[in-house]
Amino acid sequence: MTRPIEYTEEILIDILKNIGKDKLSKRYLDNCNGLPGSMTFIRKFGSWKKALDVAGLNQGLRTGRKIKSKQIDVIFNLEQQYTDDYVFFSKEYLYAYFQNKTHEDCINELIIPFMDFLYKYVNKYGWIFPKTPNEEDLQNLLKRLNKSDGLLSSSSFLGLSEIRGFFNSYWNSFPKNQKMPPTELFFDQSVLFRLLKYRFGVNSSKKYTYYFSGREVEFNELFDISFKQIRKAFEVNHYTSSIFKPLLAKYIYKKYGFDGMITWDPCFGFAGRLLGFVSCFENGTYIGSDPNTLLYSEMLDFVKYIECENRIKLYNVPMEQMELENIDLVFTCPPYFDLEIYCNEDTQSVISYKERSKWLNGFLKTLAIKSYNCLNSNGKAIFVIDSKNSSMLQKFCFDCGFKLVDLIGIKNNKTHLTKKETYEFIVVMEK
């Protein structure tokens, strides 16, 4: 569906302020490519005078003055599909640009026209998902994971770029406090404008050292502007959900599992624990369940790409509907109630149990019971869970008859979900 650009009041006011009183007039706006015309301001605010009043620019402003625009030409080809790494503006270009241009120039001459291009491009070709890793890419990832030791750390990033590239469902999920996923938030002009401003260098960051044309220079933080970097901006600004680290999963499987075992992952998520399993053991069976329809479809393709169909069994059902037995190890990271939203299907636990009290008794308690009932004697259940829900999960496990084997805290320092220092716990229970 085509989404025409509708400038928000915030962006329009920012444009007026950045143009400056010595240039600002309706004629100037109407003659500048890439800027909204004067009628855009009149429609939004009711009159040209009202627009200037709201921006605090009306007093003493001379209007109707003939302006010769010195705006550079920025041309993007909508007939061309650009690769993920194609650089529209390099860091070196932006640094050179700022040697005789201001932040206001950058907004008017580069950022606003680029936003206009982005919206037209996405309307024509679809959202800027990453390039999907091919079979060879995923096979190479598996080889690297096989050679790597597991890590008891939340900062092991091996495999995350491939997961983000393969699972479009990742970009359709989001932390609840952001209200919508990146694929929709992209169309919030105030958000995209703020993210682009920083990446173009219109910021007050500390000074960074760059090497351009064999010369060392210092400047604000700059980025090569590409589709990949735009998505990265959504990640680092806490607009995306989390991915379980494959090397953390490998550490847990290696410590508590054994080759040839049968393991169940009640909430398989974005393949992090699956990758940990197949990189840790040559034999055994991984059983995974998850109600997310798109994620399930993508996981089936993912398993084919890594050539593990004979060791993986996947079910597109909620954990509550699974009936298993003779399981050696249960290992999962359940949803933390409403911290993240993965899709809007009715089978999601946060939709099935809209209140936390109902979620605790309907979902988390059921997880403990299902885990206990399916395990062999002396089998283990391992849950990675946030500090808020850890104590209740342990209580439910004790009520079933589990005994606590290990409780390991993992410090998350300023993750993409929050700038605050938080803790998650690895809860290890034994039947």
# chains A, B, ... in the order shown; residues from 1 in each chain; ligands from 1
$ select_by_dssp --residues "segment 32-276 of chain A" --states "strand (DSSP E or B)" --output "PyMOL selection string"
chain A and resi 89+174-175+208-212+215-219+225+262-265
$ write_last_selection --atoms "N, CA and C atoms" --output "PDB file, in the first residue's frame"
ATOM      1  N   PHE A  89      25.909   7.856   1.050  1.00  0.00           N
ATOM      2  CA  PHE A  89      26.814   8.919   1.505  1.00  0.00           C
ATOM      3  C   PHE A  89      27.867   8.265   2.387  1.00  0.00           C
ATOM      4  N   PHE A 174       9.120  -6.579  18.408  1.00  0.00           N
ATOM      5  CA  PHE A 174       9.561  -5.310  18.997  1.00  0.00           C
ATOM      6  C   PHE A 174       9.365  -5.319  20.503  1.00  0.00           C
ATOM      7  N   PRO A 175      10.152  -4.496  21.224  1.00  0.00           N
ATOM      8  CA  PRO A 175       9.872  -4.279  22.647  1.00  0.00           C
ATOM      9  C   PRO A 175       8.531  -3.567  22.796  1.00  0.00           C
ATOM     10  N   TYR A 208      35.420  11.698  17.298  1.00  0.00           N
ATOM     11  CA  TYR A 208      36.004  10.422  16.889  1.00  0.00           C
ATOM     12  C   TYR A 208      37.137  10.684  15.908  1.00  0.00           C
ATOM     13  N   THR A 209      38.082   9.756  15.863  1.00  0.00           N
ATOM     14  CA  THR A 209      39.214   9.874  14.954  1.00  0.00           C
ATOM     15  C   THR A 209      38.926   9.092  13.680  1.00  0.00           C
ATOM     16  N   TYR A 210      39.120   9.729  12.526  1.00  0.00           N
ATOM     17  CA  TYR A 210      38.927   9.104  11.221  1.00  0.00           C
ATOM     18  C   TYR A 210      40.196   9.285  10.396  1.00  0.00           C
ATOM     19  N   TYR A 211      40.363   8.409   9.408  1.00  0.00           N
ATOM     20  CA  TYR A 211      41.482   8.517   8.477  1.00  0.00           C
ATOM     21  C   TYR A 211      40.911   8.634   7.070  1.00  0.00           C
ATOM     22  N   PHE A 212      40.938   9.843   6.547  1.00  0.00           N
ATOM     23  CA  PHE A 212      40.402  10.124   5.227  1.00  0.00           C
ATOM     24  C   PHE A 212      41.518  10.592   4.312  1.00  0.00           C
ATOM     25  N   ARG A 215      44.851  11.056   5.835  1.00  0.00           N
ATOM     26  CA  ARG A 215      44.993  12.117   6.840  1.00  0.00           C
ATOM     27  C   ARG A 215      44.114  11.787   8.049  1.00  0.00           C
ATOM     28  N   GLU A 216      44.653  12.025   9.239  1.00  0.00           N
ATOM     29  CA  GLU A 216      43.901  11.793  10.469  1.00  0.00           C
ATOM     30  C   GLU A 216      43.109  13.039  10.821  1.00  0.00           C
ATOM     31  N   VAL A 217      41.798  12.863  11.042  1.00  0.00           N
ATOM     32  CA  VAL A 217      40.943  13.999  11.384  1.00  0.00           C
ATOM     33  C   VAL A 217      40.055  13.594  12.559  1.00  0.00           C
ATOM     34  N   GLU A 218      39.510  14.589  13.227  1.00  0.00           N
ATOM     35  CA  GLU A 218      38.547  14.356  14.304  1.00  0.00           C
ATOM     36  C   GLU A 218      37.236  15.040  13.960  1.00  0.00           C
ATOM     37  N   PHE A 219      36.147  14.336  14.242  1.00  0.00           N
ATOM     38  CA  PHE A 219      34.834  14.903  13.942  1.00  0.00           C
ATOM     39  C   PHE A 219      33.771  14.163  14.752  1.00  0.00           C
ATOM     40  N   ILE A 225      26.132   5.873   5.043  1.00  0.00           N
ATOM     41  CA  ILE A 225      24.675   5.791   4.986  1.00  0.00           C
ATOM     42  C   ILE A 225      24.264   4.738   3.963  1.00  0.00           C
ATOM     43  N   ILE A 262      17.958 -36.182  23.676  1.00  0.00           N
ATOM     44  CA  ILE A 262      16.749 -35.592  23.102  1.00  0.00           C
ATOM     45  C   ILE A 262      16.413 -34.356  23.933  1.00  0.00           C
ATOM     46  N   THR A 263      16.349 -33.203  23.281  1.00  0.00           N
ATOM     47  CA  THR A 263      16.085 -31.949  23.997  1.00  0.00           C
ATOM     48  C   THR A 263      14.840 -31.281  23.435  1.00  0.00           C
ATOM     49  N   TRP A 264      14.111 -30.617  24.299  1.00  0.00           N
ATOM     50  CA  TRP A 264      12.919 -29.863  23.886  1.00  0.00           C
ATOM     51  C   TRP A 264      13.112 -28.396  24.214  1.00  0.00           C
ATOM     52  N   ASP A 265      12.869 -27.552  23.204  1.00  0.00           N
ATOM     53  CA  ASP A 265      12.879 -26.101  23.372  1.00  0.00           C
ATOM     54  C   ASP A 265      11.439 -25.625  23.219  1.00  0.00           C
TER      55      ASP A 265
END
$ residues_around --residues "Asn316 of chain A" --least-positions-apart "4" --cutoff "9 Å" --atoms "only C-alpha atoms" --output "PDB file with N, CA and C atoms, in the first residue's frame"
ATOM      1  N   GLY A 288      11.526 -28.519  18.827  1.00  0.00           N
ATOM      2  CA  GLY A 288      11.194 -27.126  19.107  1.00  0.00           C
ATOM      3  C   GLY A 288       9.739 -26.828  18.839  1.00  0.00           C
ATOM      4  N   SER A 289       9.145 -25.970  19.656  1.00  0.00           N
ATOM      5  CA  SER A 289       7.751 -25.557  19.446  1.00  0.00           C
ATOM      6  C   SER A 289       7.653 -24.041  19.569  1.00  0.00           C
ATOM      7  N   ASP A 290       6.798 -23.449  18.752  1.00  0.00           N
ATOM      8  CA  ASP A 290       6.568 -22.006  18.806  1.00  0.00           C
ATOM      9  C   ASP A 290       5.291 -21.706  18.017  1.00  0.00           C
ATOM     10  N   PRO A 291       4.418 -20.837  18.527  1.00  0.00           N
ATOM     11  CA  PRO A 291       3.141 -20.569  17.842  1.00  0.00           C
ATOM     12  C   PRO A 291       3.218 -19.549  16.708  1.00  0.00           C
ATOM     13  N   ASN A 292       4.365 -18.871  16.553  1.00  0.00           N
ATOM     14  CA  ASN A 292       4.505 -17.820  15.542  1.00  0.00           C
ATOM     15  C   ASN A 292       4.538 -18.445  14.142  1.00  0.00           C
ATOM     16  N   THR A 293       3.503 -18.185  13.329  1.00  0.00           N
ATOM     17  CA  THR A 293       3.360 -18.845  12.031  1.00  0.00           C
ATOM     18  C   THR A 293       4.478 -18.481  11.065  1.00  0.00           C
ATOM     19  N   LEU A 295       7.473 -17.225  11.764  1.00  0.00           N
ATOM     20  CA  LEU A 295       8.733 -17.731  12.304  1.00  0.00           C
ATOM     21  C   LEU A 295       8.874 -19.224  12.036  1.00  0.00           C
ATOM     22  N   TYR A 296       7.803 -19.988  12.231  1.00  0.00           N
ATOM     23  CA  TYR A 296       7.837 -21.432  11.984  1.00  0.00           C
ATOM     24  C   TYR A 296       8.194 -21.728  10.525  1.00  0.00           C
ATOM     25  N   SER A 297       7.561 -21.018   9.604  1.00  0.00           N
ATOM     26  CA  SER A 297       7.843 -21.214   8.181  1.00  0.00           C
ATOM     27  C   SER A 297       9.309 -20.908   7.868  1.00  0.00           C
TER      28      SER A 297
END
$ closest_atom_pairs --of "segment 35-147 of chain A" --to "segment 154-171 of chain A" --cutoff "12 Å" --atoms "only C-alpha atoms" --output "Markdown table"
| residue | atom | partner | partner_atom | distance |
| --- | --- | --- | --- | --- |
| A:Asp84 | CA | A:Gly165 | CA | 10.5 |
| A:Trp127 | CA | A:Trp171 | CA | 10.0 |
| A:Ile128 | CA | A:Trp171 | CA | 10.1 |
| A:Phe129 | CA | A:Asn168 | CA | 7.0 |
| A:Pro130 | CA | A:Gly165 | CA | 4.9 |
| A:Lys131 | CA | A:Gly165 | CA | 5.9 |
| A:Thr132 | CA | A:Gly165 | CA | 5.0 |
| A:Pro133 | CA | A:Phe166 | CA | 6.0 |
| A:Asn134 | CA | A:Phe166 | CA | 8.7 |
| A:Glu135 | CA | A:Phe166 | CA | 10.7 |
| A:Glu136 | CA | A:Glu162 | CA | 11.5 |
| A:Asp137 | CA | A:Glu162 | CA | 8.0 |
| A:Leu138 | CA | A:Glu162 | CA | 7.3 |
| A:Gln139 | CA | A:Glu162 | CA | 10.8 |
| A:Asn140 | CA | A:Gly159 | CA | 10.3 |
| A:Leu141 | CA | A:Gly159 | CA | 6.6 |
| A:Leu142 | CA | A:Gly159 | CA | 8.6 |
| A:Lys143 | CA | A:Gly159 | CA | 11.0 |
| A:Arg144 | CA | A:Leu158 | CA | 8.4 |
| A:Leu145 | CA | A:Leu158 | CA | 7.6 |
| A:Asn146 | CA | A:Leu158 | CA | 11.4 |
| A:Lys147 | CA | A:Leu158 | CA | 11.6 |
$ write_last_selection --atoms "C-alpha atoms" --output "PDB file, in the first residue's frame"
ATOM      1  CA  ASP A  84      22.140  -3.756   1.348  1.00  0.00           C
ATOM      2  CA  TRP A 127      10.807  -2.705   3.240  1.00  0.00           C
ATOM      3  CA  ILE A 128      14.605  -2.698   3.486  1.00  0.00           C
ATOM      4  CA  PHE A 129      15.059  -6.200   4.907  1.00  0.00           C
ATOM      5  CA  PRO A 130      18.637  -7.499   5.038  1.00  0.00           C
ATOM      6  CA  LYS A 131      20.027  -9.666   2.283  1.00  0.00           C
ATOM      7  CA  THR A 132      18.982 -13.237   3.087  1.00  0.00           C
ATOM      8  CA  PRO A 133      21.980 -15.490   3.840  1.00  0.00           C
ATOM      9  CA  ASN A 134      22.239 -18.333   1.357  1.00  0.00           C
ATOM     10  CA  GLU A 135      22.979 -21.979   2.068  1.00  0.00           C
ATOM     11  CA  GLU A 136      26.729 -21.430   1.812  1.00  0.00           C
ATOM     12  CA  ASP A 137      26.594 -18.501   4.260  1.00  0.00           C
ATOM     13  CA  LEU A 138      24.796 -20.591   6.877  1.00  0.00           C
ATOM     14  CA  GLN A 139      27.061 -23.584   6.354  1.00  0.00           C
ATOM     15  CA  ASN A 140      30.068 -21.329   6.945  1.00  0.00           C
ATOM     16  CA  LEU A 141      28.422 -19.962  10.091  1.00  0.00           C
ATOM     17  CA  LEU A 142      27.921 -23.489  11.372  1.00  0.00           C
ATOM     18  CA  LYS A 143      31.588 -24.265  10.750  1.00  0.00           C
ATOM     19  CA  ARG A 144      32.625 -21.207  12.771  1.00  0.00           C
ATOM     20  CA  LEU A 145      30.261 -22.169  15.584  1.00  0.00           C
ATOM     21  CA  ASN A 146      31.637 -25.733  15.560  1.00  0.00           C
ATOM     22  CA  LYS A 147      35.161 -24.391  16.057  1.00  0.00           C
TER      23      LYS A 147
END
$ residues_around --residues "Phe363 of chain A" --least-positions-apart "4" --cutoff "12 Å" --atoms "only C-alpha atoms" --output "JSON, numbers by chain"
{"A": [266, 267, 318, 319, 320, 321, 334, 335, 336, 337, 347, 348, 349, 350, 351, 352, 353, 354, 355, 356, 357, 358, 359, 367, 368, 369, 370, 389, 392, 393, 396]}
$ write_last_selection --atoms "C-alpha atoms" --output "compact mmCIF listing (two decimals), in the first residue's frame"
# COMPACT_ATOMS: atom_id res chain seq x y z
CA PRO A 266 9.30 -25.01 24.27
CA CYS A 267 9.77 -21.51 22.74
CA PRO A 318 1.92 -23.10 21.71
CA MET A 319 3.97 -24.82 24.39
CA GLU A 320 0.75 -25.57 26.32
CA GLN A 321 -0.41 -27.96 23.57
CA PRO A 334 10.43 -18.10 27.59
CA PRO A 335 8.86 -14.73 26.80
CA TYR A 336 9.08 -12.29 29.71
CA PHE A 337 5.32 -11.68 29.65
CA THR A 347 -1.72 -17.96 20.13
CA GLN A 348 0.92 -15.63 21.59
CA SER A 349 1.05 -16.00 25.38
CA VAL A 350 0.80 -12.25 25.97
CA ILE A 351 -2.47 -12.23 23.97
CA SER A 352 -3.84 -15.45 25.48
CA TYR A 353 -3.09 -14.15 29.00
CA LYS A 354 -3.42 -10.38 28.92
CA GLU A 355 -2.82 -9.86 32.65
CA ARG A 356 0.47 -10.79 34.28
CA SER A 357 -1.21 -12.80 37.06
CA LYS A 358 -3.05 -14.90 34.46
CA TRP A 359 0.14 -15.27 32.41
CA LEU A 367 5.85 -24.46 31.36
CA ALA A 368 7.19 -25.84 34.65
CA ILE A 369 4.60 -28.64 34.74
CA LYS A 370 5.07 -29.65 31.09
CA ASN A 389 9.89 -13.59 36.75
CA MET A 392 7.91 -17.30 40.44
CA LEU A 393 9.30 -19.78 37.91
CA PHE A 396 6.42 -23.39 40.16
$ residues_around --residues "Gly126 of chain A" --least-positions-apart "4" --cutoff "10 Å" --atoms "only C-alpha atoms" --output "list of chain:residue names"
A:Met1, A:Tyr119, A:Lys120, A:Tyr121, A:Val122, A:Thr183
$ residues_around --residues "Ile42 of chain A" --least-positions-apart "3" --cutoff "12 Å" --atoms "only C-alpha atoms" --output "ChimeraX atom specification"
/A:9,12,26,36-39,45-52,54
$ atom_distance --atom1 "atom CA of Asp30 of chain A" --atom2 "atom CA of Leu78 of chain A"
22.8 Å
$ closest_residue --among "A:Phe193, A:Ile13, A:Ile312, A:Leu222" --to "Ser205 of chain A" --atoms "only C-alpha atoms"
A:Leu222
$ select_by_dssp --residues "segment 71-286 of chain A" --states "helix (DSSP H, G or I)" --output "PDB file with C-alpha atoms, in the first residue's frame"
ATOM      1  CA  LYS A  91      31.697   9.056   6.095  1.00  0.00           C
ATOM      2  CA  GLU A  92      34.449  10.735   4.099  1.00  0.00           C
ATOM      3  CA  TYR A  93      31.908  12.494   1.884  1.00  0.00           C
ATOM      4  CA  LEU A  94      29.979  13.734   4.920  1.00  0.00           C
ATOM      5  CA  TYR A  95      33.147  14.991   6.605  1.00  0.00           C
ATOM      6  CA  ALA A  96      34.131  16.919   3.476  1.00  0.00           C
ATOM      7  CA  TYR A  97      30.582  18.234   3.167  1.00  0.00           C
ATOM      8  CA  HIS A 103      23.965  21.116  10.191  1.00  0.00           C
ATOM      9  CA  GLU A 104      21.021  23.055   8.789  1.00  0.00           C
ATOM     10  CA  ASP A 105      22.387  22.627   5.271  1.00  0.00           C
ATOM     11  CA  CYS A 106      22.722  18.895   5.817  1.00  0.00           C
ATOM     12  CA  ILE A 107      19.118  18.602   6.969  1.00  0.00           C
ATOM     13  CA  ASN A 108      17.745  20.572   4.035  1.00  0.00           C
ATOM     14  CA  GLU A 109      20.063  19.373   1.290  1.00  0.00           C
ATOM     15  CA  LEU A 110      20.728  15.737   2.250  1.00  0.00           C
ATOM     16  CA  ILE A 111      18.480  14.287   4.951  1.00  0.00           C
ATOM     17  CA  ILE A 112      15.049  15.534   3.860  1.00  0.00           C
ATOM     18  CA  PRO A 113      15.595  14.559   0.172  1.00  0.00           C
ATOM     19  CA  PHE A 114      16.984  11.183   1.305  1.00  0.00           C
ATOM     20  CA  MET A 115      13.900  10.546   3.455  1.00  0.00           C
ATOM     21  CA  ASP A 116      11.711  11.389   0.481  1.00  0.00           C
ATOM     22  CA  PHE A 117      13.653   8.867  -1.615  1.00  0.00           C
ATOM     23  CA  LEU A 118      13.487   6.191   1.113  1.00  0.00           C
ATOM     24  CA  TYR A 119       9.695   6.326   1.375  1.00  0.00           C
ATOM     25  CA  LYS A 120       9.261   6.195  -2.400  1.00  0.00           C
ATOM     26  CA  TYR A 121      11.765   3.341  -2.629  1.00  0.00           C
ATOM     27  CA  VAL A 122      10.070   1.272   0.080  1.00  0.00           C
ATOM     28  CA  ASN A 123       6.651   1.895  -1.452  1.00  0.00           C
ATOM     29  CA  LYS A 124       7.971   0.532  -4.745  1.00  0.00           C
ATOM     30  CA  TYR A 125      10.195  -2.347  -3.645  1.00  0.00           C
ATOM     31  CA  GLU A 135      22.979 -21.979   2.068  1.00  0.00           C
ATOM     32  CA  GLU A 136      26.729 -21.430   1.812  1.00  0.00           C
ATOM     33  CA  ASP A 137      26.594 -18.501   4.260  1.00  0.00           C
ATOM     34  CA  LEU A 138      24.796 -20.591   6.877  1.00  0.00           C
ATOM     35  CA  GLN A 139      27.061 -23.584   6.354  1.00  0.00           C
ATOM     36  CA  ASN A 140      30.068 -21.329   6.945  1.00  0.00           C
ATOM     37  CA  LEU A 141      28.422 -19.962  10.091  1.00  0.00           C
ATOM     38  CA  LEU A 142      27.921 -23.489  11.372  1.00  0.00           C
ATOM     39  CA  LYS A 143      31.588 -24.265  10.750  1.00  0.00           C
ATOM     40  CA  ARG A 144      32.625 -21.207  12.771  1.00  0.00           C
ATOM     41  CA  LEU A 145      30.261 -22.169  15.584  1.00  0.00           C
ATOM     42  CA  ASN A 146      31.637 -25.733  15.560  1.00  0.00           C
ATOM     43  CA  LYS A 147      35.161 -24.391  16.057  1.00  0.00           C
ATOM     44  CA  LEU A 160      23.431 -12.723  15.076  1.00  0.00           C
ATOM     45  CA  SER A 161      23.873 -11.007  11.696  1.00  0.00           C
ATOM     46  CA  GLU A 162      22.902 -14.214   9.875  1.00  0.00           C
ATOM     47  CA  ILE A 163      19.821 -14.604  12.083  1.00  0.00           C
ATOM     48  CA  ARG A 164      18.742 -11.016  11.478  1.00  0.00           C
ATOM     49  CA  GLY A 165      19.227 -11.548   7.764  1.00  0.00           C
ATOM     50  CA  PHE A 166      17.297 -14.807   7.542  1.00  0.00           C
ATOM     51  CA  ASN A 168      12.035 -11.309   8.538  1.00  0.00           C
ATOM     52  CA  SER A 169       9.904 -12.153  11.572  1.00  0.00           C
ATOM     53  CA  TYR A 170      12.655 -10.601  13.696  1.00  0.00           C
ATOM     54  CA  TRP A 171      12.006  -7.193  12.092  1.00  0.00           C
ATOM     55  CA  LYS A 176       6.380  -3.459  23.882  1.00  0.00           C
ATOM     56  CA  ASN A 177       7.304   0.075  24.956  1.00  0.00           C
ATOM     57  CA  GLN A 178       7.977   0.950  21.294  1.00  0.00           C
ATOM     58  CA  PRO A 182      10.763  -1.401  12.911  1.00  0.00           C
ATOM     59  CA  THR A 183       8.918  -2.304   9.695  1.00  0.00           C
ATOM     60  CA  GLU A 184       6.119   0.063  10.774  1.00  0.00           C
ATOM     61  CA  LEU A 185       8.068   2.529  12.908  1.00  0.00           C
ATOM     62  CA  GLN A 189       8.796  10.471  10.128  1.00  0.00           C
ATOM     63  CA  SER A 190       9.821  11.967  13.445  1.00  0.00           C
ATOM     64  CA  VAL A 191      11.583   8.708  14.391  1.00  0.00           C
ATOM     65  CA  LEU A 192      13.322   8.197  11.044  1.00  0.00           C
ATOM     66  CA  PHE A 193      14.309  11.883  10.921  1.00  0.00           C
ATOM     67  CA  ARG A 194      15.933  11.670  14.366  1.00  0.00           C
ATOM     68  CA  LEU A 195      17.798   8.456  13.538  1.00  0.00           C
ATOM     69  CA  LEU A 196      19.091   9.801  10.240  1.00  0.00           C
ATOM     70  CA  LYS A 197      20.172  13.125  11.719  1.00  0.00           C
ATOM     71  CA  TYR A 198      22.533  11.386  14.117  1.00  0.00           C
ATOM     72  CA  ARG A 199      23.979   9.047  11.503  1.00  0.00           C
ATOM     73  CA  PHE A 227      20.141   0.404   4.172  1.00  0.00           C
ATOM     74  CA  LYS A 228      22.189  -1.738   6.545  1.00  0.00           C
ATOM     75  CA  GLN A 229      23.118   1.284   8.669  1.00  0.00           C
ATOM     76  CA  ILE A 230      19.515   2.491   8.775  1.00  0.00           C
ATOM     77  CA  ARG A 231      18.447  -0.838  10.256  1.00  0.00           C
ATOM     78  CA  LYS A 232      21.395  -0.650  12.651  1.00  0.00           C
ATOM     79  CA  ALA A 233      20.074   2.673  13.886  1.00  0.00           C
ATOM     80  CA  PHE A 234      16.808   0.976  14.871  1.00  0.00           C
ATOM     81  CA  GLU A 235      18.761  -1.704  16.743  1.00  0.00           C
ATOM     82  CA  VAL A 236      21.048   0.552  18.774  1.00  0.00           C
ATOM     83  CA  PRO A 246      24.169 -19.176  19.863  1.00  0.00           C
ATOM     84  CA  LEU A 247      27.460 -19.390  21.786  1.00  0.00           C
ATOM     85  CA  LEU A 248      25.665 -18.958  25.112  1.00  0.00           C
ATOM     86  CA  ALA A 249      23.346 -21.798  24.071  1.00  0.00           C
ATOM     87  CA  LYS A 250      26.374 -23.915  23.143  1.00  0.00           C
ATOM     88  CA  TYR A 251      27.924 -23.290  26.572  1.00  0.00           C
ATOM     89  CA  ILE A 252      24.735 -24.464  28.310  1.00  0.00           C
ATOM     90  CA  TYR A 253      24.287 -27.535  26.109  1.00  0.00           C
ATOM     91  CA  LYS A 254      27.926 -28.494  26.586  1.00  0.00           C
ATOM     92  CA  LYS A 255      27.766 -28.088  30.379  1.00  0.00           C
ATOM     93  CA  TYR A 256      24.456 -29.840  31.040  1.00  0.00           C
ATOM     94  CA  GLY A 272      19.840 -19.204  18.667  1.00  0.00           C
ATOM     95  CA  ARG A 273      19.418 -22.343  20.795  1.00  0.00           C
ATOM     96  CA  LEU A 274      18.962 -24.535  17.731  1.00  0.00           C
ATOM     97  CA  LEU A 275      22.337 -23.354  16.410  1.00  0.00           C
ATOM     98  CA  GLY A 276      23.891 -23.954  19.830  1.00  0.00           C
ATOM     99  CA  PHE A 277      22.602 -27.537  19.777  1.00  0.00           C
ATOM    100  CA  VAL A 278      23.739 -28.554  16.277  1.00  0.00           C
ATOM    101  CA  SER A 279      27.164 -26.935  16.802  1.00  0.00           C
ATOM    102  CA  CYS A 280      27.648 -28.782  20.095  1.00  0.00           C
TER     103      CYS A 280
END
$ closest_residue --among "A:Phe383, A:Phe398, A:Tyr305, A:Phe186" --to "Val428 of chain A" --atoms "only C-alpha atoms"
A:Phe383
$ atom_distance --atom1 "atom CA of Tyr28 of chain A" --atom2 "atom CA of Gly201 of chain A"
25.1 Å
$ closest_residue --among "A:Asp188, A:Glu345, A:Glu424, A:Glu309" --to "Ile385 of chain A" --atoms "only C-alpha atoms"
A:Glu424
$ atom_distance --atom1 "atom CA of Lys431 of chain A" --atom2 "atom CA of Ala381 of chain A"
8.0 Å
